[in-house]
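Text of query_30.txt (compact mmCIF, C-alpha atoms and all ligand atoms) as supplied:
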# COMPACT_ATOMS: atom_id res chain seq x y z
CA MET A 1 132.52 112.18 93.23
CA ILE A 2 133.56 110.17 96.24
CA ASN A 3 132.53 111.67 99.53
CA ARG A 4 135.39 110.91 101.89
CA GLU A 5 137.08 112.19 105.00
CA ASP A 6 140.77 111.72 105.76
CA LEU A 7 141.09 110.78 109.42
CA GLY A 8 144.78 109.93 109.20
CA ASP A 9 147.52 111.44 111.33
CA GLY A 10 149.81 112.34 108.41
CA THR A 11 151.83 109.14 108.74
CA HIS A 12 148.97 106.65 108.85
CA PRO A 13 146.30 107.41 106.26
CA LEU A 14 142.74 106.49 107.11
CA LEU A 15 139.98 107.20 104.61
CA PHE A 16 136.38 107.19 105.75
CA PHE A 17 134.05 106.82 102.76
CA LEU A 18 130.55 108.07 103.29
CA GLY A 19 127.87 106.11 101.50
CA ASP A 20 126.96 108.01 98.36
CA GLY A 21 127.08 111.31 100.22
CA ASP A 22 124.18 110.02 102.25
CA GLU A 23 125.35 107.56 104.82
CA LYS A 24 121.89 106.55 105.93
CA HIS A 25 120.42 103.13 105.24
CA PRO A 26 120.35 101.66 102.60
CA ARG A 27 123.94 102.77 102.20
CA ALA A 28 126.69 102.12 104.73
CA ASN A 29 130.08 103.75 105.24
CA SER A 30 133.43 102.09 104.53
CA LEU A 31 136.86 102.62 106.06
CA LEU A 32 140.09 102.12 104.12
CA VAL A 33 143.24 101.19 106.07
CA GLY A 34 146.14 100.79 103.65
CA GLU A 35 144.83 98.19 101.21
CA ILE A 36 142.24 96.79 103.63
CA LEU A 37 138.66 97.92 103.04
CA ILE A 38 136.18 97.51 105.88
CA ASP A 39 132.67 96.90 104.53
CA ALA A 40 131.42 97.32 100.98
CA GLY A 41 128.03 99.00 101.17
CA ILE A 42 128.51 102.28 99.35
CA THR A 43 126.78 102.79 96.02
CA PRO A 44 128.30 100.51 93.34
CA SER A 45 129.41 103.51 91.23
CA VAL A 46 131.37 104.86 94.20
CA MET A 47 132.81 101.40 94.86
CA GLN A 48 133.99 101.31 91.24
CA GLU A 49 135.74 104.66 91.73
CA ILE A 50 137.40 103.42 94.91
CA SER A 51 138.58 100.28 93.13
CA LYS A 52 140.16 102.43 90.38
CA GLU A 53 141.89 104.82 92.77
CA HIS A 54 143.10 102.35 95.40
CA THR A 55 144.63 98.91 95.50
CA ILE A 56 142.35 96.83 97.67
CA ASN A 57 143.45 93.30 98.38
CA LYS A 58 141.35 92.51 101.43
CA ILE A 59 137.75 93.25 102.40
CA LEU A 60 136.65 92.73 105.99
CA LEU A 61 132.87 92.48 106.25
CA SER A 62 131.39 93.56 109.57
CA HIS A 63 128.24 91.41 109.28
CA TRP A 64 125.83 89.84 106.81
CA HIS A 65 123.27 92.64 106.36
CA GLU A 66 122.75 93.55 102.71
CA ASP A 67 123.66 97.22 103.14
CA HIS A 68 127.22 96.23 104.18
CA VAL A 69 128.00 93.51 101.67
CA SER A 70 126.31 94.49 98.40
CA GLY A 71 129.43 96.11 96.86
CA VAL A 72 131.75 93.11 97.24
CA ARG A 73 131.25 92.28 93.56
CA CYS A 74 133.07 95.53 92.65
CA PHE A 75 136.37 94.12 93.98
CA PRO A 76 136.84 90.78 92.23
CA GLY A 77 140.56 90.58 93.15
CA ALA A 78 140.17 91.12 96.89
CA GLN A 79 140.13 88.40 99.53
CA VAL A 80 136.82 88.69 101.40
CA GLU A 81 136.63 87.82 105.08
CA CYS A 82 133.86 87.87 107.67
CA HIS A 83 133.08 86.42 111.08
CA VAL A 84 132.51 82.69 110.95
CA LEU A 85 129.00 83.09 112.42
CA ASP A 86 127.91 85.45 109.62
CA LYS A 87 129.34 83.50 106.71
CA HIS A 88 126.25 81.52 105.71
CA PRO A 89 123.82 84.41 105.17
CA ILE A 90 126.52 86.12 103.05
CA ILE A 91 127.15 83.15 100.79
CA SER A 92 123.52 82.00 100.67
CA PHE A 93 120.60 84.24 99.82
CA ASN A 94 118.22 81.66 101.34
CA ASP A 95 120.02 81.84 104.68
CA MET A 96 119.76 85.63 104.64
CA VAL A 97 116.04 85.46 103.96
CA GLU A 98 115.61 82.90 106.74
CA LEU A 99 117.37 85.09 109.31
CA TYR A 100 115.10 88.00 108.38
CA GLY A 101 112.13 85.76 109.14
CA GLN A 102 110.91 85.86 105.57
CA GLU A 103 109.86 82.22 105.25
CA ILE A 104 107.79 83.13 102.27
CA LEU A 105 109.65 85.09 99.62
CA HIS A 106 107.43 88.09 99.99
CA ASP A 107 107.28 90.24 96.84
CA ASP A 108 108.06 93.40 98.77
CA PHE A 109 111.11 91.74 100.28
CA LEU A 110 112.37 90.61 96.89
CA THR A 111 111.89 94.09 95.46
CA TYR A 112 113.82 95.48 98.37
CA MET A 113 116.70 93.04 97.82
CA LYS A 114 116.75 93.68 94.08
CA TYR A 115 117.40 97.32 94.83
CA TYR A 116 120.83 96.21 96.04
CA HIS A 117 121.53 93.99 93.02
CA LEU A 118 122.49 91.62 95.77
CA GLN A 119 124.57 88.60 94.86
CA GLU A 120 125.76 85.73 96.97
CA SER A 121 129.42 86.45 97.78
CA THR A 122 132.34 84.11 98.18
CA ILE A 123 134.06 84.22 101.55
CA GLU A 124 137.70 83.15 101.32
CA LYS A 125 138.44 83.28 105.02
CA THR A 126 136.61 83.69 108.31
CA PHE A 127 137.62 85.27 111.59
CA THR A 128 136.35 84.84 115.14
CA GLY A 129 137.54 88.09 116.76
CA GLY A 130 140.90 89.00 118.25
CA GLU A 131 142.80 88.67 114.96
CA ILE A 132 145.02 91.54 113.86
CA LYS A 133 145.35 92.43 110.19
CA HIS A 134 148.49 94.28 109.16
CA ALA A 135 148.37 96.93 106.45
CA SER A 136 151.44 97.87 104.40
CA THR A 137 151.16 101.38 105.86
CA GLY A 138 152.21 100.00 109.27
CA GLN A 139 148.69 100.17 110.66
CA GLN A 140 146.89 97.31 112.34
CA VAL A 141 143.21 96.48 112.24
CA LYS A 142 142.14 94.56 115.31
CA ILE A 143 138.92 92.58 114.82
CA ILE A 144 136.53 92.84 117.75
CA HIS A 145 133.66 90.35 117.86
CA ALA A 146 130.73 92.52 119.00
CA PRO A 147 127.58 90.37 118.74
CA GLY A 148 124.02 91.51 119.38
CA HIS A 149 123.08 93.27 116.15
CA SER A 150 123.93 89.97 114.42
CA ALA A 151 125.62 86.84 115.75
CA GLY A 152 128.92 87.63 114.06
CA HIS A 153 128.69 91.43 114.09
CA SER A 154 132.24 92.72 114.36
CA CYS A 155 133.82 96.10 115.06
CA PHE A 156 137.32 97.18 114.07
CA HIS A 157 139.93 99.01 116.12
CA VAL A 158 142.54 100.76 113.97
CA ILE A 159 145.93 101.20 115.59
CA PRO A 160 147.83 103.50 116.04
CA ASN A 161 145.05 105.90 115.00
CA ASP A 162 143.01 104.57 117.97
CA ILE A 163 139.76 104.77 116.02
CA LEU A 164 136.99 102.28 116.64
CA PHE A 165 134.66 101.54 113.72
CA MET A 166 131.52 100.53 115.63
CA ILE A 167 129.49 99.59 112.55
CA ASP A 168 125.79 99.12 113.52
CA THR A 169 126.19 99.11 117.29
CA TRP A 170 124.05 102.24 116.97
CA VAL A 171 121.72 102.81 114.03
CA PRO A 172 120.49 106.42 113.79
CA GLY A 173 116.69 106.47 113.94
CA LEU A 174 116.54 103.01 115.52
CA GLY A 175 119.21 103.15 118.23
CA PRO A 176 120.29 99.66 119.28
CA TRP A 177 118.78 97.30 116.69
CA TYR A 178 118.22 93.53 116.88
CA GLY A 179 115.55 92.76 114.30
CA ALA A 180 116.90 89.49 112.87
CA ARG A 181 116.75 85.96 114.20
CA ASP A 182 120.46 85.80 115.07
CA ALA A 183 120.34 89.04 117.09
CA SER A 184 120.51 88.93 120.88
CA ILE A 185 119.88 91.53 123.56
CA SER A 186 122.07 89.87 126.19
CA SER A 187 124.94 89.84 123.68
CA TYR A 188 124.20 93.47 122.81
CA LEU A 189 124.53 94.52 126.45
CA GLU A 190 127.76 92.55 126.86
CA THR A 191 129.10 94.18 123.69
CA THR A 192 128.48 97.68 125.05
CA ARG A 193 130.51 96.84 128.17
CA MET A 194 133.32 95.35 126.10
CA LEU A 195 133.48 98.30 123.67
CA ARG A 196 133.55 100.70 126.57
CA SER A 197 136.56 98.91 128.04
CA LEU A 198 138.51 99.61 124.82
CA ASP A 199 138.29 103.32 125.64
CA ALA A 200 139.09 104.33 122.04
CA ASP A 201 140.07 107.90 121.29
CA ARG A 202 137.45 108.28 118.52
CA ALA A 203 134.69 106.18 116.99
CA LEU A 204 132.79 105.88 113.70
CA LEU A 205 129.44 104.37 112.74
CA SER A 206 128.20 102.84 109.51
CA HIS A 207 125.19 105.10 109.15
CA SER A 208 126.39 108.44 110.46
CA ASN A 209 128.95 110.94 109.20
CA LYS A 210 129.74 112.06 112.73
CA ILE A 211 133.15 111.34 114.22
CA LEU A 212 132.60 110.60 117.89
CA GLU A 213 135.10 111.77 120.47
CA ASN A 214 135.87 109.52 123.45
CA ASP A 215 133.27 111.10 125.75
CA GLU A 216 130.59 110.93 123.03
CA LEU A 217 131.44 107.28 122.43
CA ASN A 218 131.03 106.47 126.12
CA GLY A 219 127.80 108.50 126.24
CA LEU A 220 126.41 106.56 123.28
CA LEU A 221 127.22 103.20 124.88
CA ASP A 222 125.45 104.29 128.07
CA GLU A 223 122.48 105.45 126.00
CA ILE A 224 122.22 102.01 124.37
CA VAL A 225 121.91 100.34 127.77
CA ARG A 226 119.34 102.92 128.91
CA ILE A 227 117.22 102.48 125.77
CA ILE A 228 117.23 98.68 126.00
CA GLN A 229 116.17 98.88 129.65
CA ASP A 230 113.43 101.37 128.76
CA ARG A 231 112.11 99.10 125.99
CA ASN A 232 112.13 96.15 128.41
CA SER A 233 110.05 98.19 130.88
CA ARG A 234 107.57 99.20 128.17
CA LEU A 235 107.16 95.58 127.15
CA MET A 236 106.57 94.45 130.72
CA ASN A 237 104.13 97.27 131.39
CA GLY A 238 100.65 95.74 131.72
CA LEU A 239 101.90 92.17 131.98
CA LYS A 240 100.38 90.32 134.94
CA GLU A 241 101.33 87.39 137.15
CA THR A 242 98.08 85.53 136.56
CA MET A 243 96.54 86.56 133.24
CA PRO A 244 98.78 85.77 130.24
CA MET A 245 99.18 88.37 127.50
CA SER A 246 99.44 87.05 123.95
CA LEU A 247 102.28 87.90 121.59
CA ASP A 248 99.77 89.72 119.37
CA ALA A 249 98.69 91.96 122.24
CA ILE A 250 102.31 92.59 123.21
CA ARG A 251 103.16 93.48 119.61
CA ARG A 252 100.64 96.32 119.72
CA LYS A 253 102.52 98.08 122.52
CA PRO A 254 104.57 101.14 121.59
CA VAL A 255 108.05 99.84 122.36
CA LEU A 256 110.32 100.62 119.45
CA PRO A 257 111.20 103.99 117.85
CA GLY A 258 108.44 105.78 115.96
CA ASP A 259 106.04 103.11 117.18
CA MET A 260 106.77 100.66 114.46
CA ALA A 261 103.22 99.41 114.55
CA SER A 262 103.02 101.47 111.39
CA PHE A 263 105.95 99.58 109.84
CA GLU A 264 105.12 97.95 106.56
CA GLU A 265 106.43 94.70 105.15
CA PRO A 266 109.14 93.61 104.89
CA PHE A 267 110.17 95.64 107.95
CA ASN A 268 107.23 94.59 110.06
CA LYS A 269 108.83 91.13 110.33
CA SER A 270 111.97 92.73 111.75
CA ARG A 271 109.89 94.56 114.32
CA THR A 272 108.23 91.33 115.46
CA ILE A 273 111.62 89.62 115.71
CA ALA A 274 112.97 92.54 117.76
CA ILE A 275 110.03 92.18 120.18
CA ARG A 276 110.63 88.42 120.37
CA ASN A 277 114.29 89.06 121.16
CA HIS A 278 113.21 91.32 124.06
CA LEU A 279 110.84 88.64 125.33
CA ALA A 280 113.61 86.03 125.09
CA PHE A 281 115.90 88.32 127.10
CA LEU A 282 113.21 88.91 129.76
CA GLU A 283 112.70 85.15 130.03
CA GLU A 284 116.45 84.49 130.25
CA THR A 285 116.75 86.99 133.07
CA GLY A 286 113.78 85.53 134.95
CA LYS A 287 111.47 88.56 134.61
CA ILE A 288 108.73 86.81 132.64
CA ILE A 289 107.66 83.30 131.72
CA SER A 290 106.15 82.02 128.52
CA THR A 291 103.00 79.85 128.68
CA PRO A 292 100.93 78.33 125.86
CA ARG A 293 98.42 81.19 126.29
CA GLY A 294 100.94 84.01 126.43
CA PHE A 295 103.43 85.74 128.71
CA LEU A 296 103.26 86.24 132.49
CA LEU A 297 105.30 88.20 134.99
CA THR A 298 107.21 85.97 137.40
ZN ZN A 301 123.21 95.83 110.14
Could you quickly redo this structure as structure tokens?
Amino acid sequence: MINREDLGDGTHPLLFFLGDGDEKHPRANSLLVGEILIDAGITPSVMQEISKEHTINKILLSHWHEDHVSGVRCFPGAQVECHVLDKHPIISFNDMVELYGQEILHDDFLTYMKYYHLQESTIEKTFTGGEIKHASTGQQVKIIHAPGHSAGHSCFHVIPNDILFMIDTWVPGLGPWYGARDASISSYLETTRMLRSLDADRALLSHSNKILENDELNGLLDEIVRIIQDRNSRLMNGLKETMPMSLDAIRRKPVLPGDMASFEEPFNKSRTIAIRNHLAFLEETGKIISTPRGFLLT
């Protein structure tokens, strides 16, 4: 049975499909606007049901992460589009592995990817943000480039429903997440400001079944900024102006949720990349400097 919620206004249908009844990773939610499906990360059996019940001629992929793209193969007739910056890791498994920092094809990582029956997808068209897709129902899907989580991470504003599909701007359990090589904290912060300026009536996430009202959406965006600042402070705590601290020592600090020091492969690589992204941000903003022996406060 498909777990779905109708968020339409009676005239403009809007179906929110919840990943296999459990929207948490490794499944991701999809949104159907007319014949346009946003993301394809629900269980394949549910995707098959959707493809039988609905005519889907276009799939907009929010970003390259496996939990959002693995169901594309269930819609062979649909035109698949994604942001130009996220195209390569979707069409090339090697590029995906590279962005996850898995230079060596670690067995655990391969097992994890096999779980998704992941295939390299064909992308027929790319977007850069700002484009508007028109559905036959009279609705419009405005593509919003919202980088940070990935370089091409995109959100979708559905008009006239005034619903913003924020994808992985917030990942329950992790909060703001930037654990791949193309993620960026400065972009993440800019994205929160930009999404706030849209002032959407309601918002949805890929890994939550909650429908956020406008004040909750704004609260969440503020929380993202607060959490990133808090993690920056934790990372800088103990750094000195004269005695460099090595990356290994910095990695042992409790900075990320649940103290991911206990993270196992392949996720431990993502944790290290997230810490590196913080350090890159602190360097960019002049708070720390990198030396051959480690990191120093400025
Ligand atoms: Zn993601």
Inset, instruction - Record the distance separating atom CA of His134 of chain A and atom CA of Ala151 of chain A, expressed in Å with one decimal. - result: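 Calculated distance between atom CA of His134 of chain A and atom CA of Ala151 of chain A is 24.9 Å.
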Legend entry - Between atom CA of Ser208 of chain A and atom CA of Leu221 of chain A - distance in Å to one decimal: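 Interatomic distance, atom CA of Leu221 of chain A to atom CA of Ser208 of chain A: 15.4 Å.
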Legend entry - Which residue of A:Pro176, A:Gly129, A:Gly10, A:Pro76 approaches ligand ZN 301 (chain A) most closely, using all atoms listed in the file: A:Pro176
Inset, instruction - List all protein, DNA and RNA residues that have at least one atom no more than 7 Å from any atom of ligand ZN 301 (chain A), counting only C-alpha atoms and all ligand atoms, and write them as a PyMOL selection string. - result: chain A and resi 63+65+149+168
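Comparing the minimum interatomic distances between Leu235 of chain A and each of A:Ala280, A:Gly148, A:Ile123, A:Glu49, counting all atoms listed in the file, we find that A:Ala280 sits nearest.
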Legend entry - From A:Asp215, A:Glu53, A:Asp39, A:Asp95, residue lying nearest Gly71 of chain A [only C-alpha atoms]: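 Using only C-alpha atoms, the shortest distance to Gly71 of chain A belongs to A:Asp39.
In this comparison, which uses all atoms listed in the file, the residue of A:Thr291, A:Gln119, A:Gln229, A:Asn209 approaching Glu5 of chain A most closely is A:Asn209.
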Legend entry - Pairwise distance for atom CA of Cys82 of chain A and atom CA of Phe17 of chain A, rounded to one decimal in Å: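 Straight-line distance from atom CA of Cys82 of chain A to atom CA of Phe17 of chain A works out to 19.6 Å.
Among A:Thr111, A:Ser187, A:Ser233, A:Ser62, the residue with the shortest atom-to-atom distance to Ser154 of chain A, counting all atoms listed in the file, is A:Ser62.
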Legend entry - Residue among A:Glu120, A:Phe295, A:Val171, A:Tyr115 lying closest to Asn94 of chain A, counting only C-alpha atoms: A:Glu120
Inset, instruction - Pick out the residues sitting within 12 Å of Gly219 of chain A, and hand them over as a PyMOL selection string; count only C-alpha atoms, and ignore anything fewer than 4 positions along from it in its own chain. - result: chain A and resi 170+192+195-196+199+203+212-215+223-226
Centre and edge lengths of an axis-aligned box around all listed atoms of segment 33-44 of chain A, with 8 Å added on each side, are to be given in Å to one decimal, as lines of an AutoDock Vina configuration file.
center_x = 136.5
center_y = 99.8
center_z = 99.7
size_x = 35.4
size_y = 22.0
size_z = 28.7
Skipping near chain neighbours, those fewer than 6 positions away, what residues fall within 10 Å of Leu247 of chain A using all atoms listed in the file, listed as a PDB file with C-alpha atoms, keeping the file's coordinate frame?
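And here is the file that came out, result_20.pdb:
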ATOM      1  CA  THR A 272     108.230  91.330 115.460  1.00  0.00           C
ATOM      2  CA  ILE A 275     110.030  92.180 120.180  1.00  0.00           C
ATOM      3  CA  ARG A 276     110.630  88.420 120.370  1.00  0.00           C
ATOM      4  CA  LEU A 279     110.840  88.640 125.330  1.00  0.00           C
ATOM      5  CA  SER A 290     106.150  82.020 128.520  1.00  0.00           C
ATOM      6  CA  ARG A 293      98.420  81.190 126.290  1.00  0.00           C
ATOM      7  CA  GLY A 294     100.940  84.010 126.430  1.00  0.00           C
ATOM      8  CA  PHE A 295     103.430  85.740 128.710  1.00  0.00           C
TER       9      PHE A 295
END
Legend entry - Residue neighbourhood Ile42 of chain A, 8 Å, all atoms listed in the file, exclusion window fewer than 5 positions, as a ChimeraX atom specification: /A:17-20,27-30,47,67-68,71
Could you save those same residues with C-alpha atoms as a PDB file, keeping the file's coordinate frame?
ATOM      1  CA  PHE A  17     134.050 106.820 102.760  1.00  0.00           C
ATOM      2  CA  LEU A  18     130.550 108.070 103.290  1.00  0.00           C
ATOM      3  CA  GLY A  19     127.870 106.110 101.500  1.00  0.00           C
ATOM      4  CA  ASP A  20     126.960 108.010  98.360  1.00  0.00           C
ATOM      5  CA  ARG A  27     123.940 102.770 102.200  1.00  0.00           C
ATOM      6  CA  ALA A  28     126.690 102.120 104.730  1.00  0.00           C
ATOM      7  CA  ASN A  29     130.080 103.750 105.240  1.00  0.00           C
ATOM      8  CA  SER A  30     133.430 102.090 104.530  1.00  0.00           C
ATOM      9  CA  MET A  47     132.810 101.400  94.860  1.00  0.00           C
ATOM     10  CA  ASP A  67     123.660  97.220 103.140  1.00  0.00           C
ATOM     11  CA  HIS A  68     127.220  96.230 104.180  1.00  0.00           C
ATOM     12  CA  GLY A  71     129.430  96.110  96.860  1.00  0.00           C
TER      13      GLY A  71
END
Legend entry - Surrounding residues of Gln79 of chain A excluding itself and chain neighbours under 3 positions, 7 Å, all atoms listed in the file, as a ChimeraX atom specification: /A:57-59,124
Once N, CA and C atoms are restored for segment 207-223 of chain A, what would the output be as a compact mmCIF listing (two decimals), in the coordinates of the input?
# COMPACT_ATOMS: atom_id res chain seq x y z
N HIS A 207 126.28 104.30 109.72
CA HIS A 207 125.19 105.10 109.15
C HIS A 207 125.15 106.52 109.74
N SER A 208 126.31 107.07 109.99
CA SER A 208 126.39 108.44 110.46
C SER A 208 127.70 109.03 109.95
N ASN A 209 127.69 110.32 109.64
CA ASN A 209 128.95 110.94 109.20
C ASN A 209 129.67 111.60 110.37
N LYS A 210 129.15 111.42 111.56
CA LYS A 210 129.74 112.06 112.73
C LYS A 210 130.95 111.26 113.23
N ILE A 211 131.99 112.00 113.62
CA ILE A 211 133.15 111.34 114.22
C ILE A 211 133.04 111.57 115.73
N LEU A 212 132.87 110.49 116.46
CA LEU A 212 132.60 110.60 117.89
C LEU A 212 133.90 110.70 118.68
N GLU A 213 133.96 111.67 119.56
CA GLU A 213 135.10 111.77 120.47
C GLU A 213 134.88 110.77 121.61
N ASN A 214 135.93 110.54 122.40
CA ASN A 214 135.87 109.52 123.45
C ASN A 214 134.66 109.69 124.38
N ASP A 215 134.39 110.93 124.81
CA ASP A 215 133.27 111.10 125.75
C ASP A 215 131.92 110.86 125.06
N GLU A 216 131.84 111.19 123.76
CA GLU A 216 130.59 110.93 123.03
C GLU A 216 130.39 109.43 122.83
N LEU A 217 131.50 108.74 122.59
CA LEU A 217 131.44 107.28 122.43
C LEU A 217 130.91 106.64 123.71
N ASN A 218 131.48 107.04 124.84
CA ASN A 218 131.03 106.47 126.12
C ASN A 218 129.56 106.82 126.39
N GLY A 219 129.19 108.06 126.05
CA GLY A 219 127.80 108.50 126.24
C GLY A 219 126.84 107.65 125.40
N LEU A 220 127.26 107.35 124.18
CA LEU A 220 126.41 106.56 123.28
C LEU A 220 126.23 105.14 123.82
N LEU A 221 127.31 104.57 124.34
CA LEU A 221 127.22 103.20 124.88
C LEU A 221 126.30 103.17 126.10
N ASP A 222 126.38 104.20 126.92
CA ASP A 222 125.45 104.29 128.07
C ASP A 222 124.01 104.42 127.60
N GLU A 223 123.83 105.21 126.54
CA GLU A 223 122.48 105.45 126.00
C GLU A 223 121.88 104.14 125.47
